[in-house]
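Visitor: Pasting target.cif here (mmCIF, N, CA and C atoms):
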data_run
#
loop_
_atom_site.label_atom_id
_atom_site.label_comp_id
_atom_site.auth_asym_id
_atom_site.auth_seq_id
_atom_site.Cartn_x
_atom_site.Cartn_y
_atom_site.Cartn_z
N MET A 195 -86.29 -42.95 25.34
CA MET A 195 -86.14 -43.85 24.20
C MET A 195 -87.27 -44.88 24.25
N ASN A 196 -88.28 -44.71 23.38
CA ASN A 196 -89.38 -45.67 23.38
C ASN A 196 -89.51 -46.41 22.07
N ASP A 197 -88.58 -46.19 21.14
CA ASP A 197 -88.54 -46.90 19.87
C ASP A 197 -89.87 -46.86 19.12
N GLY A 198 -90.63 -45.77 19.27
CA GLY A 198 -91.87 -45.61 18.53
C GLY A 198 -93.07 -46.32 19.12
N PHE A 199 -92.94 -46.87 20.32
CA PHE A 199 -94.07 -47.54 20.96
C PHE A 199 -95.02 -46.49 21.52
N SER A 200 -96.28 -46.84 21.58
CA SER A 200 -97.25 -45.91 22.12
C SER A 200 -97.01 -45.71 23.62
N PRO A 201 -97.35 -44.52 24.12
CA PRO A 201 -97.19 -44.28 25.56
C PRO A 201 -97.97 -45.31 26.39
N ARG A 202 -99.11 -45.77 25.90
CA ARG A 202 -99.89 -46.78 26.62
C ARG A 202 -99.10 -48.07 26.80
N LEU A 203 -98.42 -48.51 25.70
CA LEU A 203 -97.63 -49.74 25.79
C LEU A 203 -96.42 -49.55 26.72
N ILE A 204 -95.81 -48.38 26.66
CA ILE A 204 -94.67 -48.12 27.54
C ILE A 204 -95.12 -48.15 29.00
N ASP A 205 -96.24 -47.52 29.29
CA ASP A 205 -96.77 -47.52 30.67
C ASP A 205 -97.14 -48.94 31.10
N LEU A 206 -97.78 -49.69 30.21
CA LEU A 206 -98.16 -51.07 30.52
C LEU A 206 -96.92 -51.92 30.76
N ALA A 207 -95.90 -51.72 29.95
CA ALA A 207 -94.64 -52.46 30.13
C ALA A 207 -94.05 -52.18 31.50
N GLN A 208 -94.06 -50.92 31.91
CA GLN A 208 -93.53 -50.54 33.22
C GLN A 208 -94.33 -51.21 34.34
N GLU A 209 -95.65 -51.14 34.26
CA GLU A 209 -96.49 -51.74 35.30
C GLU A 209 -96.31 -53.26 35.33
N PHE A 210 -96.21 -53.87 34.16
CA PHE A 210 -96.03 -55.32 34.07
C PHE A 210 -94.69 -55.72 34.70
N ARG A 211 -93.62 -55.02 34.34
CA ARG A 211 -92.31 -55.31 34.91
C ARG A 211 -92.32 -55.16 36.42
N GLU A 212 -92.96 -54.10 36.92
CA GLU A 212 -93.01 -53.87 38.36
C GLU A 212 -93.80 -54.98 39.07
N ALA A 213 -94.92 -55.38 38.46
CA ALA A 213 -95.71 -56.46 39.06
C ALA A 213 -94.91 -57.76 39.09
N LEU A 214 -94.18 -58.04 38.02
CA LEU A 214 -93.35 -59.25 38.00
C LEU A 214 -92.24 -59.17 39.04
N ARG A 215 -91.60 -58.02 39.13
CA ARG A 215 -90.51 -57.85 40.11
C ARG A 215 -91.01 -58.10 41.52
N LEU A 216 -92.13 -57.49 41.87
CA LEU A 216 -92.69 -57.69 43.20
C LEU A 216 -93.14 -59.13 43.40
N GLY A 217 -93.67 -59.74 42.33
CA GLY A 217 -94.07 -61.14 42.40
C GLY A 217 -92.88 -62.05 42.67
N VAL A 218 -91.76 -61.75 42.03
CA VAL A 218 -90.55 -62.54 42.26
C VAL A 218 -90.12 -62.43 43.72
N TYR A 219 -90.17 -61.22 44.27
CA TYR A 219 -89.82 -61.05 45.67
C TYR A 219 -90.75 -61.86 46.57
N MET A 220 -92.05 -61.82 46.25
CA MET A 220 -93.02 -62.56 47.05
C MET A 220 -92.72 -64.06 46.99
N PHE A 221 -92.48 -64.57 45.79
CA PHE A 221 -92.25 -66.01 45.67
C PHE A 221 -90.94 -66.44 46.29
N ARG A 222 -89.96 -65.57 46.32
CA ARG A 222 -88.70 -65.90 46.99
C ARG A 222 -88.89 -66.04 48.49
N ARG A 223 -89.89 -65.35 49.03
CA ARG A 223 -90.13 -65.41 50.48
C ARG A 223 -91.11 -66.51 50.87
N LEU A 224 -91.71 -67.18 49.91
CA LEU A 224 -92.61 -68.29 50.24
C LEU A 224 -91.83 -69.43 50.87
N ASP A 225 -92.46 -70.14 51.74
CA ASP A 225 -91.91 -71.37 52.27
C ASP A 225 -90.51 -71.21 52.86
N PRO A 226 -90.32 -70.26 53.77
CA PRO A 226 -88.97 -70.04 54.31
C PRO A 226 -88.42 -71.23 55.09
N GLU A 227 -89.31 -72.10 55.56
CA GLU A 227 -88.83 -73.27 56.29
C GLU A 227 -88.56 -74.47 55.38
N GLY A 228 -88.81 -74.31 54.09
CA GLY A 228 -88.59 -75.41 53.15
C GLY A 228 -87.11 -75.74 53.02
N ASP A 229 -86.85 -76.92 52.49
CA ASP A 229 -85.47 -77.36 52.32
C ASP A 229 -84.76 -76.67 51.16
N LEU A 230 -85.53 -76.20 50.18
CA LEU A 230 -84.95 -75.59 48.98
C LEU A 230 -85.16 -74.08 48.99
N THR A 231 -84.12 -73.35 48.60
CA THR A 231 -84.29 -71.92 48.40
C THR A 231 -85.05 -71.72 47.09
N ALA A 232 -85.54 -70.51 46.87
CA ALA A 232 -86.23 -70.20 45.62
C ALA A 232 -85.30 -70.41 44.43
N ALA A 233 -84.04 -70.04 44.58
CA ALA A 233 -83.07 -70.21 43.49
C ALA A 233 -82.84 -71.69 43.20
N GLN A 234 -82.73 -72.50 44.24
CA GLN A 234 -82.53 -73.93 44.03
C GLN A 234 -83.75 -74.57 43.37
N LEU A 235 -84.92 -74.18 43.83
CA LEU A 235 -86.15 -74.72 43.23
C LEU A 235 -86.25 -74.31 41.77
N SER A 236 -85.90 -73.07 41.49
CA SER A 236 -85.92 -72.59 40.11
C SER A 236 -84.96 -73.40 39.24
N LEU A 237 -83.77 -73.63 39.74
CA LEU A 237 -82.79 -74.41 38.99
C LEU A 237 -83.28 -75.84 38.75
N LEU A 238 -83.79 -76.47 39.80
CA LEU A 238 -84.29 -77.84 39.65
C LEU A 238 -85.46 -77.91 38.67
N SER A 239 -86.37 -76.96 38.75
CA SER A 239 -87.52 -76.95 37.85
C SER A 239 -87.07 -76.75 36.40
N MET A 240 -86.04 -75.95 36.22
CA MET A 240 -85.52 -75.66 34.90
C MET A 240 -84.96 -76.91 34.22
N ILE A 241 -84.37 -77.80 34.99
CA ILE A 241 -83.71 -78.97 34.38
C ILE A 241 -84.56 -80.24 34.45
N GLU A 242 -85.83 -80.11 34.84
CA GLU A 242 -86.66 -81.30 35.01
C GLU A 242 -86.81 -82.13 33.74
N GLY A 243 -86.71 -81.52 32.58
CA GLY A 243 -86.84 -82.26 31.33
C GLY A 243 -85.60 -83.10 31.07
N ALA A 244 -84.90 -82.75 30.02
CA ALA A 244 -83.73 -83.51 29.60
C ALA A 244 -82.44 -83.03 30.24
N GLY A 245 -82.52 -82.04 31.11
CA GLY A 245 -81.31 -81.47 31.71
C GLY A 245 -80.80 -80.34 30.84
N LEU A 246 -79.82 -79.62 31.36
CA LEU A 246 -79.25 -78.47 30.65
C LEU A 246 -77.76 -78.38 30.91
N ARG A 247 -77.08 -77.69 30.01
CA ARG A 247 -75.67 -77.38 30.23
C ARG A 247 -75.57 -76.31 31.31
N VAL A 248 -74.44 -76.31 31.98
CA VAL A 248 -74.20 -75.34 33.06
C VAL A 248 -74.33 -73.91 32.52
N GLY A 249 -73.77 -73.64 31.35
CA GLY A 249 -73.84 -72.31 30.77
C GLY A 249 -75.27 -71.86 30.50
N ASP A 250 -76.12 -72.78 30.06
CA ASP A 250 -77.52 -72.45 29.81
C ASP A 250 -78.26 -72.18 31.12
N ILE A 251 -77.93 -72.94 32.14
CA ILE A 251 -78.54 -72.71 33.47
C ILE A 251 -78.17 -71.31 33.95
N ALA A 252 -76.90 -70.96 33.84
CA ALA A 252 -76.45 -69.63 34.28
C ALA A 252 -77.17 -68.54 33.50
N LYS A 253 -77.26 -68.71 32.20
CA LYS A 253 -77.93 -67.71 31.37
C LYS A 253 -79.40 -67.55 31.77
N ASN A 254 -80.09 -68.68 31.97
CA ASN A 254 -81.50 -68.64 32.35
C ASN A 254 -81.72 -68.00 33.72
N LEU A 255 -80.78 -68.19 34.63
CA LEU A 255 -80.90 -67.61 35.97
C LEU A 255 -80.37 -66.18 36.04
N GLY A 256 -79.71 -65.75 34.97
CA GLY A 256 -79.15 -64.39 34.96
C GLY A 256 -77.95 -64.25 35.87
N ILE A 257 -77.16 -65.32 35.97
CA ILE A 257 -75.97 -65.30 36.82
C ILE A 257 -74.77 -65.79 36.01
N LYS A 258 -73.59 -65.65 36.57
CA LYS A 258 -72.36 -66.12 35.92
C LYS A 258 -72.21 -67.62 36.13
N VAL A 259 -71.45 -68.25 35.22
CA VAL A 259 -71.25 -69.70 35.29
C VAL A 259 -70.68 -70.15 36.63
N PRO A 260 -69.68 -69.46 37.23
CA PRO A 260 -69.19 -69.92 38.53
C PRO A 260 -70.27 -69.93 39.61
N SER A 261 -71.17 -68.96 39.58
CA SER A 261 -72.26 -68.93 40.57
C SER A 261 -73.22 -70.10 40.34
N ALA A 262 -73.52 -70.39 39.07
CA ALA A 262 -74.39 -71.52 38.75
C ALA A 262 -73.71 -72.82 39.19
N THR A 263 -72.43 -72.93 38.93
CA THR A 263 -71.69 -74.14 39.31
C THR A 263 -71.73 -74.34 40.82
N GLU A 264 -71.62 -73.25 41.57
CA GLU A 264 -71.68 -73.34 43.04
C GLU A 264 -73.04 -73.90 43.48
N GLN A 265 -74.12 -73.40 42.89
CA GLN A 265 -75.46 -73.90 43.22
C GLN A 265 -75.59 -75.38 42.83
N ILE A 266 -75.07 -75.73 41.67
CA ILE A 266 -75.15 -77.11 41.19
C ILE A 266 -74.40 -78.05 42.12
N ILE A 267 -73.22 -77.63 42.57
CA ILE A 267 -72.44 -78.46 43.50
C ILE A 267 -73.23 -78.72 44.78
N LYS A 268 -73.89 -77.67 45.32
CA LYS A 268 -74.70 -77.86 46.53
C LYS A 268 -75.82 -78.86 46.28
N LEU A 269 -76.49 -78.72 45.14
CA LEU A 269 -77.60 -79.64 44.82
C LEU A 269 -77.08 -81.06 44.56
N GLU A 270 -75.90 -81.16 43.98
CA GLU A 270 -75.30 -82.47 43.73
C GLU A 270 -74.94 -83.16 45.05
N ARG A 271 -74.38 -82.40 45.98
CA ARG A 271 -74.04 -82.96 47.30
C ARG A 271 -75.29 -83.44 48.04
N ALA A 272 -76.41 -82.77 47.79
CA ALA A 272 -77.68 -83.16 48.42
C ALA A 272 -78.36 -84.31 47.68
N GLY A 273 -77.76 -84.76 46.58
CA GLY A 273 -78.31 -85.88 45.82
C GLY A 273 -79.49 -85.50 44.93
N LEU A 274 -79.62 -84.20 44.62
CA LEU A 274 -80.77 -83.74 43.85
C LEU A 274 -80.48 -83.60 42.36
N VAL A 275 -79.20 -83.50 41.99
CA VAL A 275 -78.80 -83.43 40.58
C VAL A 275 -77.56 -84.26 40.36
N THR A 276 -77.31 -84.56 39.10
CA THR A 276 -76.06 -85.20 38.70
C THR A 276 -75.45 -84.37 37.58
N ARG A 277 -74.14 -84.41 37.49
CA ARG A 277 -73.43 -83.76 36.37
C ARG A 277 -72.80 -84.87 35.55
N GLN A 278 -72.94 -84.72 34.23
CA GLN A 278 -72.39 -85.71 33.32
C GLN A 278 -71.91 -85.02 32.05
N PRO A 279 -71.01 -85.65 31.33
CA PRO A 279 -70.55 -85.05 30.08
C PRO A 279 -71.73 -84.87 29.11
N ASP A 280 -71.73 -83.74 28.41
CA ASP A 280 -72.76 -83.47 27.41
C ASP A 280 -72.53 -84.40 26.23
N PRO A 281 -73.56 -85.15 25.80
CA PRO A 281 -73.37 -86.08 24.69
C PRO A 281 -73.05 -85.38 23.36
N ASP A 282 -73.38 -84.09 23.26
CA ASP A 282 -73.15 -83.35 22.01
C ASP A 282 -71.84 -82.57 22.02
N ASP A 283 -71.22 -82.42 23.19
CA ASP A 283 -70.00 -81.62 23.30
C ASP A 283 -69.22 -82.12 24.51
N SER A 284 -68.13 -82.83 24.25
CA SER A 284 -67.37 -83.46 25.34
C SER A 284 -66.75 -82.44 26.28
N ARG A 285 -66.66 -81.17 25.86
CA ARG A 285 -66.09 -80.14 26.74
C ARG A 285 -67.12 -79.61 27.73
N ALA A 286 -68.40 -79.82 27.44
CA ALA A 286 -69.47 -79.25 28.26
C ALA A 286 -70.01 -80.28 29.26
N VAL A 287 -70.62 -79.76 30.31
CA VAL A 287 -71.23 -80.59 31.34
C VAL A 287 -72.73 -80.36 31.31
N GLN A 288 -73.47 -81.45 31.38
CA GLN A 288 -74.92 -81.36 31.43
C GLN A 288 -75.39 -81.74 32.84
N VAL A 289 -76.36 -80.99 33.35
CA VAL A 289 -76.88 -81.22 34.70
C VAL A 289 -78.27 -81.82 34.55
N ALA A 290 -78.49 -82.92 35.25
CA ALA A 290 -79.79 -83.60 35.21
C ALA A 290 -80.32 -83.77 36.62
N ILE A 291 -81.63 -83.75 36.73
CA ILE A 291 -82.28 -83.90 38.02
C ILE A 291 -82.39 -85.40 38.36
N THR A 292 -82.26 -85.72 39.64
CA THR A 292 -82.39 -87.10 40.10
C THR A 292 -83.83 -87.36 40.56
N LYS A 293 -84.11 -88.62 40.90
CA LYS A 293 -85.43 -88.94 41.46
C LYS A 293 -85.68 -88.16 42.75
N SER A 294 -84.65 -88.05 43.57
CA SER A 294 -84.78 -87.27 44.81
C SER A 294 -85.04 -85.80 44.49
N GLY A 295 -84.42 -85.31 43.43
CA GLY A 295 -84.64 -83.93 43.01
C GLY A 295 -86.08 -83.71 42.57
N HIS A 296 -86.61 -84.67 41.80
CA HIS A 296 -88.02 -84.59 41.37
C HIS A 296 -88.94 -84.56 42.59
N ALA A 297 -88.66 -85.44 43.55
CA ALA A 297 -89.50 -85.51 44.75
C ALA A 297 -89.42 -84.20 45.55
N ALA A 298 -88.24 -83.62 45.64
CA ALA A 298 -88.08 -82.37 46.37
C ALA A 298 -88.84 -81.23 45.68
N VAL A 299 -88.79 -81.19 44.36
CA VAL A 299 -89.52 -80.17 43.61
C VAL A 299 -91.02 -80.34 43.81
N GLU A 300 -91.49 -81.56 43.72
CA GLU A 300 -92.92 -81.84 43.89
C GLU A 300 -93.40 -81.42 45.29
N SER A 301 -92.63 -81.77 46.29
CA SER A 301 -93.00 -81.42 47.66
C SER A 301 -93.02 -79.90 47.86
N ALA A 302 -91.98 -79.23 47.37
CA ALA A 302 -91.92 -77.77 47.51
C ALA A 302 -93.06 -77.11 46.74
N ASN A 303 -93.34 -77.60 45.55
CA ASN A 303 -94.42 -77.01 44.75
C ASN A 303 -95.77 -77.19 45.43
N GLN A 304 -96.00 -78.33 46.04
CA GLN A 304 -97.28 -78.54 46.74
C GLN A 304 -97.43 -77.56 47.89
N ARG A 305 -96.37 -77.39 48.69
CA ARG A 305 -96.44 -76.44 49.80
C ARG A 305 -96.64 -75.02 49.31
N ARG A 306 -95.90 -74.63 48.31
CA ARG A 306 -95.97 -73.26 47.79
C ARG A 306 -97.30 -73.00 47.09
N ASN A 307 -97.81 -73.99 46.37
CA ASN A 307 -99.12 -73.82 45.74
C ASN A 307 -100.21 -73.61 46.78
N ALA A 308 -100.12 -74.33 47.89
CA ALA A 308 -101.10 -74.16 48.97
C ALA A 308 -100.99 -72.74 49.55
N MET A 309 -99.78 -72.24 49.70
CA MET A 309 -99.59 -70.89 50.23
C MET A 309 -100.17 -69.83 49.29
N VAL A 310 -99.95 -70.00 48.00
CA VAL A 310 -100.48 -69.05 47.03
C VAL A 310 -102.00 -69.17 46.95
N ALA A 311 -102.52 -70.40 47.02
CA ALA A 311 -103.98 -70.59 47.00
C ALA A 311 -104.61 -69.87 48.18
N GLU A 312 -103.93 -69.88 49.31
CA GLU A 312 -104.45 -69.15 50.47
C GLU A 312 -104.52 -67.65 50.19
N LEU A 313 -103.50 -67.12 49.51
CA LEU A 313 -103.52 -65.70 49.13
C LEU A 313 -104.65 -65.42 48.13
N LEU A 314 -104.81 -66.31 47.17
CA LEU A 314 -105.85 -66.13 46.14
C LEU A 314 -107.25 -66.22 46.72
N GLN A 315 -107.37 -66.94 47.80
CA GLN A 315 -108.67 -67.11 48.45
C GLN A 315 -109.23 -65.76 48.90
N GLY A 316 -108.37 -64.80 49.13
CA GLY A 316 -108.81 -63.47 49.56
C GLY A 316 -109.30 -62.59 48.42
N LEU A 317 -109.19 -63.08 47.18
CA LEU A 317 -109.65 -62.29 46.03
C LEU A 317 -111.14 -62.48 45.80
N ARG A 318 -111.74 -61.47 45.20
CA ARG A 318 -113.14 -61.58 44.79
C ARG A 318 -113.21 -62.50 43.57
N PRO A 319 -114.36 -63.15 43.33
CA PRO A 319 -114.48 -64.07 42.18
C PRO A 319 -114.09 -63.42 40.86
N GLU A 320 -114.46 -62.17 40.63
CA GLU A 320 -114.11 -61.52 39.37
C GLU A 320 -112.60 -61.27 39.27
N GLU A 321 -111.93 -61.10 40.40
CA GLU A 321 -110.48 -60.95 40.39
C GLU A 321 -109.81 -62.28 40.06
N VAL A 322 -110.34 -63.36 40.59
CA VAL A 322 -109.82 -64.70 40.26
C VAL A 322 -110.00 -64.95 38.76
N ASP A 323 -111.16 -64.59 38.22
CA ASP A 323 -111.41 -64.76 36.79
C ASP A 323 -110.44 -63.92 35.96
N ALA A 324 -110.18 -62.68 36.39
CA ALA A 324 -109.26 -61.81 35.67
C ALA A 324 -107.84 -62.39 35.68
N LEU A 325 -107.43 -62.92 36.82
CA LEU A 325 -106.12 -63.54 36.92
C LEU A 325 -106.04 -64.76 36.00
N ALA A 326 -107.07 -65.60 36.02
CA ALA A 326 -107.09 -66.78 35.16
C ALA A 326 -107.03 -66.38 33.69
N ALA A 327 -107.72 -65.31 33.33
CA ALA A 327 -107.72 -64.85 31.94
C ALA A 327 -106.35 -64.29 31.53
N ALA A 328 -105.62 -63.71 32.47
CA ALA A 328 -104.32 -63.11 32.16
C ALA A 328 -103.21 -64.15 32.01
N LEU A 329 -103.36 -65.31 32.63
CA LEU A 329 -102.27 -66.29 32.62
C LEU A 329 -101.86 -66.76 31.22
N PRO A 330 -102.80 -67.04 30.29
CA PRO A 330 -102.36 -67.41 28.94
C PRO A 330 -101.57 -66.30 28.24
N VAL A 331 -101.92 -65.05 28.50
CA VAL A 331 -101.19 -63.92 27.91
C VAL A 331 -99.78 -63.86 28.49
N ILE A 332 -99.67 -64.04 29.80
CA ILE A 332 -98.36 -64.03 30.44
C ILE A 332 -97.52 -65.20 29.92
N SER A 333 -98.12 -66.35 29.75
CA SER A 333 -97.40 -67.51 29.19
C SER A 333 -96.92 -67.22 27.77
N LYS A 334 -97.74 -66.54 26.98
CA LYS A 334 -97.35 -66.19 25.61
C LYS A 334 -96.16 -65.25 25.63
N ILE A 335 -96.18 -64.26 26.53
CA ILE A 335 -95.05 -63.33 26.65
C ILE A 335 -93.79 -64.09 27.07
N ASN A 336 -93.92 -64.99 28.05
CA ASN A 336 -92.78 -65.78 28.49
C ASN A 336 -92.22 -66.63 27.36
N SER A 337 -93.11 -67.26 26.60
CA SER A 337 -92.67 -68.11 25.49
C SER A 337 -91.94 -67.31 24.42
N SER A 338 -92.45 -66.12 24.10
CA SER A 338 -91.80 -65.32 23.06
C SER A 338 -90.44 -64.84 23.54
N PHE A 339 -90.28 -64.60 24.83
CA PHE A 339 -89.01 -64.18 25.37
C PHE A 339 -87.98 -65.32 25.35
N GLN A 340 -88.42 -66.54 25.64
CA GLN A 340 -87.53 -67.68 25.70
C GLN A 340 -87.06 -68.09 24.31
N ASN A 341 -87.88 -67.83 23.30
CA ASN A 341 -87.51 -68.23 21.93
C ASN A 341 -86.77 -67.14 21.28
#
Any chance you could give the structure as structure tokens?
Guide:
Amino acid sequence: MNDGFSPRLIDLAQEFREALRLGVYMFRRLDPEGDLTAAQLSLLSMIEGAGLRVGDIAKNLGIKVPSATEQIIKLERAGLVTRQPDPDDSRAVQVAITKSGHAAVESANQRRNAMVAELLQGLRPEEVDALAAALPVISKINSSFQN
């Protein structure tokens, strides 16, 4: 079932998905001695703006609400997030990041960026250029998926 897409696009989609899957595995293994797991860092990064409802966090992480709530409780106990009533819906809870949460995300990102930079250092200059050129396309795909 390819819905009329060209074989080239289907093959590219497969390769892209596989590269992303392996990339996710790689990033989950970065910084094993860090204080935050990859899932916790992802959750904290997701709510850095205005915060999100628990249901939206679960949806974005691809998990069920009880699992998201469990992660949120752990982060709340660590002082990295707060839960408060949603101003638009009194039945819903909104999760917001604290100053300590921002600091933890910044610290983890600095360590992880250094680790990835070390990996990128092994690339040839034309490979670095190709990666840099691909990032806006990947961002466009991500944006279209989120909307």
Visitor: Residues near range 254-268 of chain A, anyone? I mean within 8 Å using only C-alpha atoms, not counting same-chain ones fewer than 5 positions away, as an MDAnalysis selection string.
Guide: chainID A and resid 234 237 248:249 275 289
Visitor: Determine which residues of range 197-340 of chain A receive a DSSP assignment of strand (DSSP E), computed from the backbone, and state them as a PDB file with N, CA and C atoms, in the coordinates of the input.
Guide:
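The file below, part17.pdb, is the result:
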ATOM      1  N   LEU A 246     -79.820 -79.620  31.360  1.00  0.00           N
ATOM      2  CA  LEU A 246     -79.250 -78.470  30.650  1.00  0.00           C
ATOM      3  C   LEU A 246     -77.760 -78.380  30.910  1.00  0.00           C
ATOM      4  N   ARG A 247     -77.080 -77.690  30.010  1.00  0.00           N
ATOM      5  CA  ARG A 247     -75.670 -77.380  30.230  1.00  0.00           C
ATOM      6  C   ARG A 247     -75.570 -76.310  31.310  1.00  0.00           C
ATOM      7  N   VAL A 275     -79.200 -83.500  41.990  1.00  0.00           N
ATOM      8  CA  VAL A 275     -78.800 -83.430  40.580  1.00  0.00           C
ATOM      9  C   VAL A 275     -77.560 -84.260  40.360  1.00  0.00           C
ATOM     10  N   THR A 276     -77.310 -84.560  39.100  1.00  0.00           N
ATOM     11  CA  THR A 276     -76.060 -85.200  38.700  1.00  0.00           C
ATOM     12  C   THR A 276     -75.450 -84.370  37.580  1.00  0.00           C
ATOM     13  N   ARG A 277     -74.140 -84.410  37.490  1.00  0.00           N
ATOM     14  CA  ARG A 277     -73.430 -83.760  36.370  1.00  0.00           C
ATOM     15  C   ARG A 277     -72.800 -84.870  35.550  1.00  0.00           C
ATOM     16  N   GLN A 278     -72.940 -84.720  34.230  1.00  0.00           N
ATOM     17  CA  GLN A 278     -72.390 -85.710  33.320  1.00  0.00           C
ATOM     18  C   GLN A 278     -71.910 -85.020  32.050  1.00  0.00           C
ATOM     19  N   PRO A 279     -71.010 -85.650  31.330  1.00  0.00           N
ATOM     20  CA  PRO A 279     -70.550 -85.050  30.080  1.00  0.00           C
ATOM     21  C   PRO A 279     -71.730 -84.870  29.110  1.00  0.00           C
ATOM     22  N   ASP A 280     -71.730 -83.740  28.410  1.00  0.00           N
ATOM     23  CA  ASP A 280     -72.760 -83.470  27.410  1.00  0.00           C
ATOM     24  C   ASP A 280     -72.530 -84.400  26.230  1.00  0.00           C
ATOM     25  N   ASP A 283     -71.220 -82.420  23.190  1.00  0.00           N
ATOM     26  CA  ASP A 283     -70.000 -81.620  23.300  1.00  0.00           C
ATOM     27  C   ASP A 283     -69.220 -82.120  24.510  1.00  0.00           C
ATOM     28  N   SER A 284     -68.130 -82.830  24.250  1.00  0.00           N
ATOM     29  CA  SER A 284     -67.370 -83.460  25.340  1.00  0.00           C
ATOM     30  C   SER A 284     -66.750 -82.440  26.280  1.00  0.00           C
ATOM     31  N   ARG A 285     -66.660 -81.170  25.860  1.00  0.00           N
ATOM     32  CA  ARG A 285     -66.090 -80.140  26.740  1.00  0.00           C
ATOM     33  C   ARG A 285     -67.120 -79.610  27.730  1.00  0.00           C
ATOM     34  N   ALA A 286     -68.400 -79.820  27.440  1.00  0.00           N
ATOM     35  CA  ALA A 286     -69.470 -79.250  28.260  1.00  0.00           C
ATOM     36  C   ALA A 286     -70.010 -80.280  29.260  1.00  0.00           C
ATOM     37  N   VAL A 287     -70.620 -79.760  30.310  1.00  0.00           N
ATOM     38  CA  VAL A 287     -71.230 -80.590  31.340  1.00  0.00           C
ATOM     39  C   VAL A 287     -72.730 -80.360  31.310  1.00  0.00           C
ATOM     40  N   GLN A 288     -73.470 -81.450  31.380  1.00  0.00           N
ATOM     41  CA  GLN A 288     -74.920 -81.360  31.430  1.00  0.00           C
ATOM     42  C   GLN A 288     -75.390 -81.740  32.840  1.00  0.00           C
ATOM     43  N   VAL A 289     -76.360 -80.990  33.350  1.00  0.00           N
ATOM     44  CA  VAL A 289     -76.880 -81.220  34.700  1.00  0.00           C
ATOM     45  C   VAL A 289     -78.270 -81.820  34.550  1.00  0.00           C
ATOM     46  N   ALA A 290     -78.490 -82.920  35.250  1.00  0.00           N
ATOM     47  CA  ALA A 290     -79.790 -83.600  35.210  1.00  0.00           C
ATOM     48  C   ALA A 290     -80.320 -83.770  36.620  1.00  0.00           C
ATOM     49  N   ILE A 291     -81.630 -83.750  36.730  1.00  0.00           N
ATOM     50  CA  ILE A 291     -82.280 -83.900  38.020  1.00  0.00           C
ATOM     51  C   ILE A 291     -82.390 -85.400  38.360  1.00  0.00           C
TER      52      ILE A 291
END
Visitor: First collect every listed atom of range 295-298 of chain A; then fit an axis-aligned box around them, widen it by 4 Å on each side, and give centre and edge lengths in Å to one decimal, as JSON.
Guide:
{"center_x": -87.0, "center_y": -83.4, "center_z": 43.9, "size_x": 13.1, "size_y": 12.3, "size_z": 13.0}
Visitor: Calculate how many Å separate CA of Thr276 in chain A from CA of Leu238 in chain A, rounding to one decimal.
Guide: 11.1 Å
Visitor: For the provided coordinates, the residues matched by the PyMOL selection byres ((chain A and resi 274) around 6) should be stated as a ChimeraX atom specification.
Guide: /A:269-273,275-276,290-292,294-295
Visitor: Please identify all polymer residues within 10 Å of range 230-233 of chain A, counting only C-alpha atoms, omitting same-chain residues fewer than 2 positions from it, and present them as an NGL selection string.
Guide: :A and (218-219 or 221-228 or 235-239 or 255 or 262 or 265 or 269 or 298-299 or 302)
Visitor: Just to confirm, what's the straight-line distance from atom C of Leu206 in chain A to atom C of Leu329 in chain A in Å (one decimal)?
Guide: 15.6 Å
Visitor: So the first atom is atom C of Gln288 in chain A and the second is atom C of Gly245 in chain A; what is the distance between them in Å, to one decimal place?
Guide: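 Value for the atom C of Gln288 in chain A-atom C of Gly245 in chain A distance: 5.9 Å.
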Visitor: Would you please give, as a VMD selection string, all residues of chain A that DSSP assigns to helix (DSSP H, G or I) based on the backbone?
Guide: chain A and resid 201 to 223 232 to 240 248 to 255 259 to 271 293 to 314 319 to 340
Visitor: How would you write as a PDB file with N, CA and C atoms, in the coordinates of the input the residues that get within 7 Å of (-71.6, -86.4, 33.2) in the file's frame, counting only C-alpha atoms?
Guide:
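What follows is the written file part_20.pdb:
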ATOM      1  N   ARG A 277     -74.140 -84.410  37.490  1.00  0.00           N
ATOM      2  CA  ARG A 277     -73.430 -83.760  36.370  1.00  0.00           C
ATOM      3  C   ARG A 277     -72.800 -84.870  35.550  1.00  0.00           C
ATOM      4  N   GLN A 278     -72.940 -84.720  34.230  1.00  0.00           N
ATOM      5  CA  GLN A 278     -72.390 -85.710  33.320  1.00  0.00           C
ATOM      6  C   GLN A 278     -71.910 -85.020  32.050  1.00  0.00           C
ATOM      7  N   PRO A 279     -71.010 -85.650  31.330  1.00  0.00           N
ATOM      8  CA  PRO A 279     -70.550 -85.050  30.080  1.00  0.00           C
ATOM      9  C   PRO A 279     -71.730 -84.870  29.110  1.00  0.00           C
ATOM     10  N   ASP A 280     -71.730 -83.740  28.410  1.00  0.00           N
ATOM     11  CA  ASP A 280     -72.760 -83.470  27.410  1.00  0.00           C
ATOM     12  C   ASP A 280     -72.530 -84.400  26.230  1.00  0.00           C
ATOM     13  N   VAL A 287     -70.620 -79.760  30.310  1.00  0.00           N
ATOM     14  CA  VAL A 287     -71.230 -80.590  31.340  1.00  0.00           C
ATOM     15  C   VAL A 287     -72.730 -80.360  31.310  1.00  0.00           C
ATOM     16  N   GLN A 288     -73.470 -81.450  31.380  1.00  0.00           N
ATOM     17  CA  GLN A 288     -74.920 -81.360  31.430  1.00  0.00           C
ATOM     18  C   GLN A 288     -75.390 -81.740  32.840  1.00  0.00           C
TER      19      GLN A 288
END
